[in-house]
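Structure file structure21.txt (compact mmCIF, C-alpha atoms) follows.
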# COMPACT_ATOMS: atom_id res chain seq x y z
CA MET A 1 -26.22 -35.45 79.09
CA LYS A 2 -26.38 -34.49 82.74
CA ASN A 3 -28.01 -31.35 84.18
CA ILE A 4 -29.80 -30.48 80.96
CA SER A 5 -33.52 -30.44 80.33
CA LYS A 6 -35.09 -32.82 77.83
CA ARG A 7 -36.14 -29.89 75.68
CA ASP A 8 -32.64 -28.37 75.66
CA TYR A 9 -31.11 -31.72 74.88
CA GLN A 10 -33.44 -32.22 71.94
CA GLN A 11 -32.38 -28.81 70.68
CA LYS A 12 -28.72 -29.84 70.93
CA VAL A 13 -29.50 -32.94 68.86
CA GLU A 14 -31.34 -30.82 66.31
CA ASP A 15 -28.45 -28.35 66.08
CA ASN A 16 -25.99 -31.22 65.78
CA LYS A 17 -27.64 -32.58 62.61
CA VAL A 18 -24.99 -30.64 60.71
CA ILE A 19 -22.94 -33.86 61.02
CA PHE A 20 -25.25 -35.55 58.50
CA ASP A 21 -23.61 -33.77 55.59
CA ASN A 22 -20.42 -32.05 56.76
CA VAL A 23 -17.41 -33.55 54.99
CA PHE A 24 -19.24 -36.79 54.03
CA ASP A 25 -19.08 -37.19 50.25
CA TYR A 26 -20.90 -40.17 48.79
CA GLU A 27 -19.41 -39.67 45.34
CA PHE A 28 -15.93 -39.78 46.87
CA THR A 29 -16.88 -42.98 48.73
CA LYS A 30 -18.08 -44.66 45.53
CA SER A 31 -15.03 -43.57 43.54
CA LEU A 32 -12.54 -44.67 46.19
CA GLY A 33 -14.30 -48.02 46.40
CA SER A 34 -14.23 -48.68 42.66
CA ASN A 35 -10.70 -47.34 42.07
CA VAL A 36 -8.73 -48.35 45.15
CA ALA A 37 -10.52 -50.55 47.68
CA SER A 38 -11.85 -52.99 45.06
CA MET A 39 -8.37 -53.53 43.61
CA VAL A 40 -6.79 -54.07 47.04
CA ASP A 41 -9.56 -56.38 48.14
CA GLU A 42 -9.85 -58.44 44.96
CA ILE A 43 -6.15 -59.33 44.90
CA PHE A 44 -5.00 -59.05 48.49
CA PHE A 45 -7.72 -59.53 51.12
CA ARG A 46 -10.23 -61.47 48.95
CA SER A 47 -13.15 -60.62 51.25
CA GLU A 48 -15.96 -63.13 51.57
CA PHE A 49 -19.43 -62.15 52.77
CA VAL A 50 -21.48 -64.88 54.43
CA GLY A 51 -25.19 -64.32 55.00
CA PHE A 52 -25.32 -60.89 53.38
CA ASP A 53 -27.40 -61.88 50.36
CA GLU A 54 -30.23 -59.59 51.46
CA PRO A 55 -29.83 -55.96 52.53
CA ILE A 56 -30.26 -55.05 56.19
CA GLU A 57 -33.72 -53.51 56.37
CA ARG A 58 -34.94 -51.19 59.11
CA ASN A 59 -37.55 -52.58 61.49
CA ASN A 60 -38.41 -48.98 62.47
CA PRO A 61 -38.51 -46.84 59.32
CA ASP A 62 -37.69 -43.66 61.25
CA HIS A 63 -34.49 -44.89 62.85
CA PRO A 64 -31.44 -46.84 61.62
CA VAL A 65 -30.68 -50.43 62.47
CA ILE A 66 -27.52 -50.63 64.59
CA ILE A 67 -24.91 -52.90 62.97
CA ILE A 68 -22.14 -54.07 65.28
CA SER A 69 -18.91 -56.02 64.80
CA ASN A 70 -15.75 -57.06 66.59
CA HIS A 71 -12.53 -55.15 66.12
CA SER A 72 -9.38 -56.77 64.71
CA GLY A 73 -6.70 -56.42 67.33
CA MET A 74 -3.44 -54.55 66.65
CA ALA A 75 -4.19 -53.90 63.00
CA PHE A 76 -4.88 -50.73 61.04
CA PRO A 77 -8.65 -50.88 60.23
CA TRP A 78 -8.29 -52.32 56.73
CA ASP A 79 -10.99 -54.83 57.68
CA ALA A 80 -13.52 -52.06 58.28
CA MET A 81 -12.61 -50.39 54.99
CA MET A 82 -12.90 -53.64 53.04
CA PHE A 83 -16.22 -54.47 54.68
CA GLY A 84 -17.60 -51.05 53.83
CA ALA A 85 -16.33 -51.10 50.24
CA GLY A 86 -17.55 -54.63 49.63
CA TYR A 87 -20.95 -54.11 51.21
CA PHE A 88 -21.54 -50.83 49.38
CA LYS A 89 -20.69 -52.57 46.12
CA MET A 90 -23.11 -55.44 46.86
CA MET A 91 -25.83 -52.86 47.53
CA ASN A 92 -25.04 -51.10 44.20
CA TYR A 93 -24.04 -48.01 46.19
CA ASP A 94 -27.67 -47.41 47.18
CA GLU A 95 -27.21 -45.26 50.28
CA SER A 96 -30.54 -46.34 51.80
CA LYS A 97 -29.23 -49.92 51.94
CA THR A 98 -25.78 -49.14 53.31
CA PHE A 99 -24.52 -47.54 56.53
CA ARG A 100 -22.63 -44.70 58.16
CA ALA A 101 -20.08 -45.51 60.86
CA LEU A 102 -19.37 -44.16 64.31
CA VAL A 103 -15.59 -44.17 64.67
CA ALA A 104 -13.22 -43.56 67.56
CA PRO A 105 -12.42 -39.82 67.58
CA MET A 106 -8.69 -40.66 67.46
CA LEU A 107 -9.14 -42.04 63.94
CA SER A 108 -10.14 -38.66 62.59
CA GLN A 109 -8.25 -36.36 64.93
CA THR A 110 -4.81 -37.93 64.54
CA ALA A 111 -3.11 -37.62 61.14
CA ILE A 112 -1.36 -40.99 61.25
CA MET A 113 -4.67 -42.78 61.91
CA ASN A 114 -5.90 -41.64 58.48
CA PRO A 115 -4.46 -43.86 55.70
CA TYR A 116 -1.13 -42.39 54.62
CA MET A 117 -2.02 -39.23 56.54
CA ILE A 118 -4.72 -38.16 54.07
CA ARG A 119 -6.64 -35.45 55.90
CA ASP A 120 -10.35 -35.95 56.65
CA PHE A 121 -10.23 -39.43 55.12
CA TRP A 122 -12.62 -41.23 57.47
CA LYS A 123 -15.05 -38.32 57.68
CA ARG A 124 -15.12 -37.99 53.90
CA LEU A 125 -16.25 -41.65 53.84
CA GLY A 126 -19.09 -40.84 56.24
CA GLY A 127 -17.42 -41.57 59.55
CA VAL A 128 -18.73 -39.65 62.56
CA ASP A 129 -16.87 -39.22 65.85
CA ALA A 130 -18.21 -41.68 68.42
CA THR A 131 -19.65 -39.33 71.03
CA PHE A 132 -22.96 -39.93 72.74
CA LEU A 133 -24.45 -36.76 71.26
CA ASN A 134 -23.37 -37.82 67.77
CA PHE A 135 -24.82 -41.30 68.31
CA GLU A 136 -28.15 -39.85 69.40
CA THR A 137 -28.10 -37.48 66.44
CA MET A 138 -27.32 -40.22 63.92
CA MET A 139 -30.30 -42.19 65.21
CA GLN A 140 -32.39 -39.54 63.41
CA TYR A 141 -30.55 -40.12 60.11
CA LYS A 142 -32.82 -41.08 57.22
CA GLY A 143 -30.16 -41.98 54.68
CA SER A 144 -28.83 -45.32 55.91
CA ASN A 145 -28.21 -47.62 58.84
CA LEU A 146 -25.45 -47.15 61.43
CA LEU A 147 -22.31 -49.21 62.08
CA VAL A 148 -20.82 -49.26 65.57
CA TYR A 149 -17.82 -51.05 67.07
CA PRO A 150 -18.90 -51.46 70.71
CA GLU A 151 -15.44 -52.62 71.90
CA GLY A 152 -14.06 -49.16 71.17
CA VAL A 153 -10.31 -48.50 71.28
CA PRO A 154 -9.63 -51.47 73.65
CA GLY A 155 -10.85 -53.74 70.86
CA ILE A 156 -8.31 -52.36 68.40
CA GLY A 157 -5.45 -52.65 70.88
CA LYS A 158 -6.30 -56.03 72.40
CA GLY A 159 -3.13 -57.76 71.19
CA TRP A 160 -2.43 -61.17 69.66
CA ASN A 161 -2.67 -62.80 73.09
CA ARG A 162 -6.35 -61.79 73.24
CA LYS A 163 -7.34 -62.34 69.61
CA TYR A 164 -11.04 -62.93 69.03
CA GLU A 165 -11.76 -62.11 72.69
CA LEU A 166 -14.41 -59.42 72.72
CA GLN A 167 -13.47 -56.58 75.03
CA ARG A 168 -16.12 -55.09 77.30
CA PHE A 169 -18.85 -53.48 75.21
CA ALA A 170 -19.99 -49.92 75.72
CA THR A 171 -23.69 -49.58 76.59
CA SER A 172 -24.57 -46.71 74.26
CA PHE A 173 -25.80 -48.95 71.41
CA ILE A 174 -28.07 -50.77 73.87
CA ARG A 175 -29.48 -47.46 75.06
CA MET A 176 -30.20 -46.39 71.50
CA SER A 177 -31.83 -49.73 70.63
CA LEU A 178 -34.08 -49.50 73.69
CA LYS A 179 -34.95 -45.84 73.25
CA TYR A 180 -35.72 -45.99 69.52
CA LYS A 181 -36.98 -49.59 69.39
CA THR A 182 -34.57 -50.52 66.64
CA ASP A 183 -32.83 -53.84 66.02
CA VAL A 184 -29.18 -54.77 66.37
CA VAL A 185 -27.50 -56.79 63.60
CA PRO A 186 -24.14 -58.30 64.57
CA TYR A 187 -21.55 -59.67 62.19
CA SER A 188 -18.25 -61.39 62.90
CA THR A 189 -15.01 -60.26 61.29
CA ILE A 190 -12.87 -63.37 60.83
CA ASN A 191 -9.12 -63.41 60.06
CA GLY A 192 -8.74 -59.69 60.70
CA GLU A 193 -6.46 -60.61 63.58
CA ASN A 194 -4.04 -62.01 61.01
CA ILE A 195 -3.64 -58.69 59.20
CA ASN A 196 -0.90 -57.90 61.72
CA PRO A 197 -0.17 -61.19 63.52
CA HIS A 198 2.02 -61.85 66.54
CA THR A 199 1.97 -58.27 67.76
CA TYR A 200 1.22 -57.47 71.36
CA SER A 201 -0.21 -54.69 73.46
CA PHE A 202 1.22 -53.30 76.68
CA GLU A 203 -0.88 -50.81 78.59
CA PHE A 204 2.05 -48.80 79.95
CA ILE A 205 3.28 -48.21 76.38
CA ASN A 206 -0.23 -47.40 75.13
CA LYS A 207 -0.62 -44.75 77.84
CA ILE A 208 2.48 -43.02 76.50
CA VAL A 209 1.52 -43.05 72.81
CA ARG A 210 -2.04 -41.90 73.55
CA LYS A 211 -0.54 -38.59 74.60
CA ILE A 212 0.37 -38.00 70.94
CA GLY A 213 -2.99 -39.21 69.66
CA ILE A 214 -2.16 -42.85 68.80
CA PRO A 215 -4.56 -45.25 70.57
CA PHE A 216 -2.05 -48.12 70.77
CA LEU A 217 1.38 -49.17 69.57
CA PRO A 218 1.63 -52.72 68.18
CA ILE A 219 4.79 -54.33 69.49
CA GLY A 220 6.26 -56.80 67.00
CA LEU A 221 9.08 -57.22 64.52
CA ALA A 222 7.61 -54.67 62.10
CA ILE A 223 8.09 -51.87 64.62
CA LEU A 224 11.85 -52.05 63.99
CA LEU A 225 11.23 -50.71 60.46
CA LEU A 226 9.11 -47.77 61.61
CA PRO A 227 11.99 -45.24 61.73
CA LEU A 228 13.01 -46.19 58.17
CA GLN A 229 9.53 -46.35 56.62
CA PRO A 230 6.85 -44.36 58.45
CA TRP A 231 4.12 -45.97 56.36
CA ILE A 232 4.96 -49.44 57.73
CA PHE A 233 2.25 -48.53 60.26
CA TYR A 234 -0.27 -49.33 57.49
CA TYR A 235 1.33 -52.62 56.47
CA ALA A 236 -0.80 -55.77 56.30
CA TRP A 237 -0.51 -59.49 55.71
CA PRO A 238 -2.79 -61.06 53.06
CA ALA A 239 -5.41 -62.40 55.45
CA LYS A 240 -8.57 -63.63 53.74
CA LEU A 241 -11.18 -61.46 55.40
CA THR A 242 -14.48 -63.17 56.06
CA PHE A 243 -17.55 -61.34 57.31
CA VAL A 244 -20.27 -63.55 58.78
CA ARG A 245 -23.67 -62.03 59.42
CA GLY A 246 -25.17 -63.08 62.73
CA LYS A 247 -28.66 -63.43 64.15
CA ARG A 248 -30.68 -60.23 64.20
CA LEU A 249 -31.41 -59.14 67.78
CA SER A 250 -34.18 -57.00 69.27
CA PRO A 251 -33.00 -55.88 72.73
CA TRP A 252 -35.94 -53.48 72.97
CA LYS A 253 -38.23 -56.53 73.15
CA TRP A 254 -36.33 -58.06 76.05
CA ILE A 255 -37.68 -55.75 78.72
CA ASP A 256 -41.23 -54.65 79.52
CA LYS A 257 -40.54 -51.09 80.68
CA SER A 258 -40.43 -47.65 79.20
CA TYR A 259 -36.95 -46.37 78.37
CA GLU A 260 -37.04 -43.86 81.24
CA GLU A 261 -37.75 -46.63 83.76
CA ILE A 262 -34.87 -48.92 82.77
CA THR A 263 -32.03 -48.96 85.29
CA GLN A 264 -28.30 -48.91 84.58
CA GLU A 265 -28.03 -52.46 85.92
CA GLU A 266 -30.69 -53.68 83.49
CA ILE A 267 -28.97 -51.95 80.57
CA GLU A 268 -25.67 -53.59 81.51
CA ALA A 269 -27.36 -56.98 81.78
CA ILE A 270 -28.78 -56.61 78.26
CA ARG A 271 -25.35 -55.47 77.04
CA ASP A 272 -23.75 -58.56 78.55
CA ARG A 273 -26.36 -60.79 76.92
CA VAL A 274 -25.67 -59.27 73.49
CA GLN A 275 -21.90 -59.58 74.00
CA ALA A 276 -22.16 -63.23 75.07
CA HIS A 277 -24.31 -64.01 72.03
CA MET A 278 -21.86 -62.28 69.71
CA GLN A 279 -18.87 -64.06 71.31
CA GLU A 280 -20.55 -67.41 70.62
CA GLU A 281 -21.13 -66.49 66.97
CA LEU A 282 -17.55 -65.22 66.67
CA ASN A 283 -16.15 -68.47 68.11
CA GLU A 284 -18.22 -70.51 65.65
CA GLY A 285 -17.11 -68.31 62.77
CA VAL A 286 -13.46 -68.79 63.67
CA LYS A 287 -13.92 -72.58 63.73
CA VAL A 288 -15.40 -72.59 60.24
CA TYR A 289 -13.55 -69.77 58.47
CA GLY A 290 -10.50 -68.98 60.59
CA GLN A 291 -8.40 -72.12 60.44
CA ARG A 292 -6.61 -71.16 57.21
CA PRO A 293 -6.42 -67.38 57.53
CA TYR A 294 -4.21 -66.69 54.51
CA ARG A 295 -5.25 -69.20 51.83
CA VAL A 296 -1.80 -68.74 50.30
CA GLY A 297 -2.54 -70.67 47.10
CA GLU A 298 -5.59 -68.53 46.37
CA HIS A 299 -3.60 -65.38 47.04
CA LEU A 300 -0.74 -66.39 44.76
CA LYS A 301 -3.16 -67.21 41.93
CA ASN A 302 -4.61 -63.72 42.22
CA VAL A 303 -1.15 -62.19 42.25
CA TRP A 304 -0.11 -64.10 39.14
CA LYS A 305 -3.32 -63.20 37.32
CA LYS A 306 -2.71 -59.49 38.00
CA ARG A 307 1.09 -59.60 37.72
CA ASN A 308 1.10 -56.63 35.33
CA MET A 309 -0.05 -54.50 38.30
CA PHE A 310 2.91 -55.51 40.47
CA PRO A 311 3.72 -54.14 43.06
CA LEU A 312 0.71 -51.83 43.41
CA PHE A 313 -1.52 -54.56 44.87
CA LEU A 314 0.98 -55.18 47.69
CA PRO A 315 0.99 -53.08 50.88
CA HIS A 316 4.09 -51.06 49.96
CA GLY A 317 2.34 -50.12 46.71
CA TRP A 318 -0.84 -48.86 48.37
CA LEU A 319 0.88 -45.61 49.31
CA PHE A 320 1.22 -44.77 45.60
CA VAL A 321 -2.33 -45.89 44.75
CA PHE A 322 -4.05 -43.90 47.49
CA HIS A 323 -2.22 -40.69 46.72
CA GLU A 324 -2.60 -41.06 42.97
CA PHE A 325 -6.33 -41.37 43.54
CA ILE A 326 -6.33 -38.24 45.72
CA ARG A 327 -4.32 -36.36 43.07
CA LEU A 328 -6.84 -37.30 40.38
CA TRP A 329 -9.77 -36.48 42.65
CA ASN A 330 -8.38 -33.04 43.46
CA LYS A 331 -7.91 -32.11 39.79
CA ARG A 332 -11.20 -33.50 38.46
CA GLN A 333 -14.01 -31.27 37.27
CA PRO A 334 -17.42 -31.47 39.04
CA GLY A 335 -19.24 -34.60 37.94
CA GLU A 336 -16.15 -36.03 36.22
CA GLU A 337 -15.32 -39.66 36.96
CA VAL A 338 -11.91 -40.59 38.33
CA LYS A 339 -10.03 -43.52 36.81
CA VAL A 340 -6.75 -44.79 38.26
CA ASN A 341 -4.69 -46.53 35.59
CA TYR A 342 -2.90 -49.68 36.68
CA GLY A 343 -0.32 -51.55 34.68
CA PHE A 344 3.38 -52.15 34.14
CA GLY A 345 5.41 -49.13 35.21
CA SER A 346 2.41 -47.35 36.80
CA MET A 347 4.13 -47.06 40.16
CA PHE A 348 6.98 -45.00 38.70
CA LYS A 349 4.49 -42.71 36.97
CA MET A 350 2.63 -42.28 40.25
CA LEU A 351 5.86 -41.43 42.05
CA PHE A 352 6.73 -38.86 39.38
CA ARG A 353 3.30 -37.25 39.72
CA ASN A 354 3.40 -37.38 43.53
CA PRO A 355 7.05 -36.53 44.26
CA PHE A 356 6.74 -36.36 48.04
CA LEU A 357 5.47 -39.89 48.51
CA TRP A 358 8.85 -41.05 49.76
CA ARG A 359 7.97 -39.48 53.10
CA GLY A 360 4.57 -41.18 53.20
CA TYR A 361 2.56 -38.00 52.98
CA SER A 362 1.43 -35.57 50.30
CA GLY A 363 -1.41 -33.60 51.81
CA GLY A 364 -5.09 -34.26 51.65
CA ILE A 365 -8.35 -33.83 49.81
CA LYS A 366 -8.79 -30.33 48.47
CA THR A 367 -11.97 -28.22 48.38
CA PRO A 368 -13.81 -30.29 50.98
CA PRO A 369 -17.41 -29.58 51.97
CA GLU A 370 -17.99 -27.38 54.98
CA ARG A 371 -15.56 -28.37 57.69
CA TYR A 372 -16.79 -30.83 60.27
CA ARG A 373 -17.96 -29.05 63.38
CA ASP A 374 -16.49 -30.23 66.66
CA THR A 375 -18.97 -31.71 69.08
CA VAL A 376 -18.94 -32.70 72.71
CA LYS A 377 -16.17 -35.21 73.33
CA GLU A 378 -18.08 -37.96 75.11
CA ASP A 379 -17.18 -41.63 74.80
CA ALA A 380 -19.95 -43.58 73.06

Show this structure as structure tokens.
Amino acid sequence: MKNISKRDYQQKVEDNKVIFDNVFDYEFTKSLGSNVASMVDEIFFRSEFVGFDEPIERNNPDHPVIIISNHSGMAFPWDAMMFGAGYFKMMNYDESKTFRALVAPMLSQTAIMNPYMIRDFWKRLGGVDATFLNFETMMQYKGSNLLVYPEGVPGIGKGWNRKYELQRFATSFIRMSLKYKTDVVPYSTINGENINPHTYSFEFINKIVRKIGIPFLPIGLAILLLPLQPWIFYYAWPAKLTFVRGKRLSPWKWIDKSYEEITQEEIEAIRDRVQAHMQEELNEGVKVYGQRPYRVGEHLKNVWKKRNMFPLFLPHGWLFVFHEFIRLWNKRQPGEEVKVNYGFGSMFKMLFRNPFLWRGYSGGIKTPPERYRDTVKEDA
């Protein structure tokens, strides 16, 4: 924040704390996880968590630990959703042991970047637009830790030709670690690149689609089906997602200066050190867990075991599942639990109850909490 006094800036942060609760609905997050994400993950992605036996504890009780991970290039962020759902479940949905996420503003501002165009989807799950003011504000959050993807949009659109190559990290998470003396916990997302394999990124095309709010356009064979099936944008291959927790880092211990004395060059040097460390861990994770990204035999066993749910556990069935869940959520009474029924013929029942699904869209979540207030659009 340039040309603003420290006192005024602190007031802006205080006023911005409305983002703690606006739209975020923990009950919705739990219900979506148990009804939808768990089914998709158990049969399709089969997520494996390595090194996450213990919860991530704060080193500074007043400020969240900053969790960071690599993005999966050219894929819709199913990996982030599966990580969140799986981790929340491991922590028994105890908010103090989980996290909130800073997400690229395009994810929430552009309809197509919300799964099946469900309005306010990411924000309802606790996502907060990745602006510097929001980051600073969330560092005051008492409820949980904070997840950040420091590659930003370039990490999502890196393309198959740059898979597992970390794009240049932003420095904001380093600044927050130094200022609030809080640790950074990296983890590697392995096989996420194979959710949408052999698709490529071309900057001149991405510049065009960004004008309509899409951060990148994956160029591959699937794009030929886009005019026929708009929801092909959300398609995925059954990559076995593996999340490997890395070594906990304390950048705030690496420099013997007050935060105000640290130069931009020193911040960038610390950023580069963290990125190099994370790239090494990512490379090692790929060697161990990324050589058989699909585990086809394991996937087929899961499919056969749950054959009565066919085809709802496959990507073209997720459209029906997500919107059936939203329909049930919208009609439920306060405090009532939602239960999506799976089984033979369920897809046809879902289509009958959600007649506009053929176009890939049927509205959004009704009666949301107070609408999310726009904040300063600064890249974090």

- A:Gly335, A:Asn134, A:Arg353, A:Phe173 ranked by distance to A:Ile267, top pick (using all atoms listed in the file):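 With all atoms listed in the file as the atom set, the closest residue is A:Phe173.
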
- Message: Every residue with an atom at most 10 Å from (-23.6, -52.0, 81.3) (file coordinates; all atoms listed in the file) is what I'm after, so could you write them as a PyMOL selection string?
- Response: chain A and resi 168-172+174-175+263-272

- Task: Using all atoms listed in the file, determine which residues lie at most 6 Å from stretch 92-97 of chain A, disregarding the query and same-chain residues fewer than 3 positions distant; provide the list as a PyMOL selection string.
- Result: chain A and resi 88-89+143-144

Could you please take those selected residues and save C-alpha atoms as a PDB file, in the frame of the given file?
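So the final result, stored in selection25.pdb, reads:
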ATOM      1  CA  PHE A  88     -21.540 -50.830  49.380  1.00  0.00           C
ATOM      2  CA  LYS A  89     -20.690 -52.570  46.120  1.00  0.00           C
ATOM      3  CA  GLY A 143     -30.160 -41.980  54.680  1.00  0.00           C
ATOM      4  CA  SER A 144     -28.830 -45.320  55.910  1.00  0.00           C
TER       5      SER A 144
END

- Task: Find, counting only C-alpha atoms, the residue in A:Val296, A:Leu147, A:Leu351, A:Leu217 that gets nearest to A:Phe320.
- Result: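 Once distances to A:Phe320 are computed over only C-alpha atoms, the minimum belongs to A:Leu351.
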
- Of the residues A:Pro355, A:Gly51, A:Gly157, A:Pro311, which is the one nearest to A:Arg327, using all atoms listed in the file?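 Closest to A:Arg327 of all the choices is A:Pro355.
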
- Pick out the residues sitting within 12 Å of A:His71, and hand them over as a count of residues only; count only C-alpha atoms, and ignore anything fewer than 2 positions along from it in its own chain. 42

Would you fill out stretch 251-267 of chain A with N, CA, C and O atoms and return it as a PDB file, in the frame of the given file?
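File written: part13.pdb
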ATOM      1  N   PRO A 251     -33.098 -56.118  71.279  1.00  0.00           N
ATOM      2  CA  PRO A 251     -33.000 -55.880  72.730  1.00  0.00           C
ATOM      3  C   PRO A 251     -34.187 -55.119  73.299  1.00  0.00           C
ATOM      4  O   PRO A 251     -34.544 -55.299  74.476  1.00  0.00           O
ATOM      5  N   TRP A 252     -34.801 -54.273  72.490  1.00  0.00           N
ATOM      6  CA  TRP A 252     -35.940 -53.480  72.970  1.00  0.00           C
ATOM      7  C   TRP A 252     -37.156 -54.343  73.291  1.00  0.00           C
ATOM      8  O   TRP A 252     -38.097 -53.883  73.958  1.00  0.00           O
ATOM      9  N   LYS A 253     -37.142 -55.603  72.831  1.00  0.00           N
ATOM     10  CA  LYS A 253     -38.230 -56.530  73.150  1.00  0.00           C
ATOM     11  C   LYS A 253     -37.945 -57.349  74.406  1.00  0.00           C
ATOM     12  O   LYS A 253     -38.801 -58.117  74.842  1.00  0.00           O
ATOM     13  N   TRP A 254     -36.740 -57.208  74.937  1.00  0.00           N
ATOM     14  CA  TRP A 254     -36.330 -58.060  76.050  1.00  0.00           C
ATOM     15  C   TRP A 254     -36.737 -57.514  77.415  1.00  0.00           C
ATOM     16  O   TRP A 254     -36.474 -58.159  78.439  1.00  0.00           O
ATOM     17  N   ILE A 255     -37.332 -56.357  77.444  1.00  0.00           N
ATOM     18  CA  ILE A 255     -37.680 -55.750  78.720  1.00  0.00           C
ATOM     19  C   ILE A 255     -39.017 -55.029  78.585  1.00  0.00           C
ATOM     20  O   ILE A 255     -39.275 -54.362  77.573  1.00  0.00           O
ATOM     21  N   ASP A 256     -39.873 -55.201  79.570  1.00  0.00           N
ATOM     22  CA  ASP A 256     -41.230 -54.650  79.520  1.00  0.00           C
ATOM     23  C   ASP A 256     -41.304 -53.390  80.384  1.00  0.00           C
ATOM     24  O   ASP A 256     -42.003 -53.348  81.400  1.00  0.00           O
ATOM     25  N   LYS A 257     -40.554 -52.364  79.966  1.00  0.00           N
ATOM     26  CA  LYS A 257     -40.540 -51.090  80.680  1.00  0.00           C
ATOM     27  C   LYS A 257     -40.353 -49.980  79.666  1.00  0.00           C
ATOM     28  O   LYS A 257     -39.822 -50.200  78.569  1.00  0.00           O
ATOM     29  N   SER A 258     -40.750 -48.793  80.043  1.00  0.00           N
ATOM     30  CA  SER A 258     -40.430 -47.650  79.200  1.00  0.00           C
ATOM     31  C   SER A 258     -38.938 -47.341  79.342  1.00  0.00           C
ATOM     32  O   SER A 258     -38.304 -47.724  80.340  1.00  0.00           O
ATOM     33  N   TYR A 259     -38.395 -46.659  78.352  1.00  0.00           N
ATOM     34  CA  TYR A 259     -36.950 -46.370  78.370  1.00  0.00           C
ATOM     35  C   TYR A 259     -36.551 -45.616  79.625  1.00  0.00           C
ATOM     36  O   TYR A 259     -35.510 -45.892  80.225  1.00  0.00           O
ATOM     37  N   GLU A 260     -37.375 -44.680  80.068  1.00  0.00           N
ATOM     38  CA  GLU A 260     -37.040 -43.860  81.240  1.00  0.00           C
ATOM     39  C   GLU A 260     -37.012 -44.678  82.525  1.00  0.00           C
ATOM     40  O   GLU A 260     -36.360 -44.278  83.500  1.00  0.00           O
ATOM     41  N   GLU A 261     -37.677 -45.817  82.539  1.00  0.00           N
ATOM     42  CA  GLU A 261     -37.750 -46.630  83.760  1.00  0.00           C
ATOM     43  C   GLU A 261     -36.615 -47.656  83.855  1.00  0.00           C
ATOM     44  O   GLU A 261     -36.391 -48.244  84.917  1.00  0.00           O
ATOM     45  N   ILE A 262     -35.901 -47.879  82.783  1.00  0.00           N
ATOM     46  CA  ILE A 262     -34.870 -48.920  82.770  1.00  0.00           C
ATOM     47  C   ILE A 262     -33.661 -48.462  83.575  1.00  0.00           C
ATOM     48  O   ILE A 262     -33.159 -47.343  83.401  1.00  0.00           O
ATOM     49  N   THR A 263     -33.162 -49.313  84.436  1.00  0.00           N
ATOM     50  CA  THR A 263     -32.030 -48.960  85.290  1.00  0.00           C
ATOM     51  C   THR A 263     -30.699 -49.248  84.583  1.00  0.00           C
ATOM     52  O   THR A 263     -30.649 -49.991  83.593  1.00  0.00           O
ATOM     53  N   GLN A 264     -29.630 -48.664  85.126  1.00  0.00           N
ATOM     54  CA  GLN A 264     -28.300 -48.910  84.580  1.00  0.00           C
ATOM     55  C   GLN A 264     -27.945 -50.394  84.661  1.00  0.00           C
ATOM     56  O   GLN A 264     -27.339 -50.950  83.741  1.00  0.00           O
ATOM     57  N   GLU A 265     -28.333 -51.030  85.757  1.00  0.00           N
ATOM     58  CA  GLU A 265     -28.030 -52.460  85.920  1.00  0.00           C
ATOM     59  C   GLU A 265     -28.729 -53.299  84.860  1.00  0.00           C
ATOM     60  O   GLU A 265     -28.156 -54.264  84.324  1.00  0.00           O
ATOM     61  N   GLU A 266     -29.956 -52.936  84.514  1.00  0.00           N
ATOM     62  CA  GLU A 266     -30.690 -53.680  83.490  1.00  0.00           C
ATOM     63  C   GLU A 266     -30.077 -53.451  82.108  1.00  0.00           C
ATOM     64  O   GLU A 266     -30.001 -54.385  81.293  1.00  0.00           O
ATOM     65  N   ILE A 267     -29.637 -52.232  81.854  1.00  0.00           N
ATOM     66  CA  ILE A 267     -28.970 -51.950  80.570  1.00  0.00           C
ATOM     67  C   ILE A 267     -27.688 -52.764  80.455  1.00  0.00           C
ATOM     68  O   ILE A 267     -27.394 -53.352  79.404  1.00  0.00           O
TER      69      ILE A 267
END
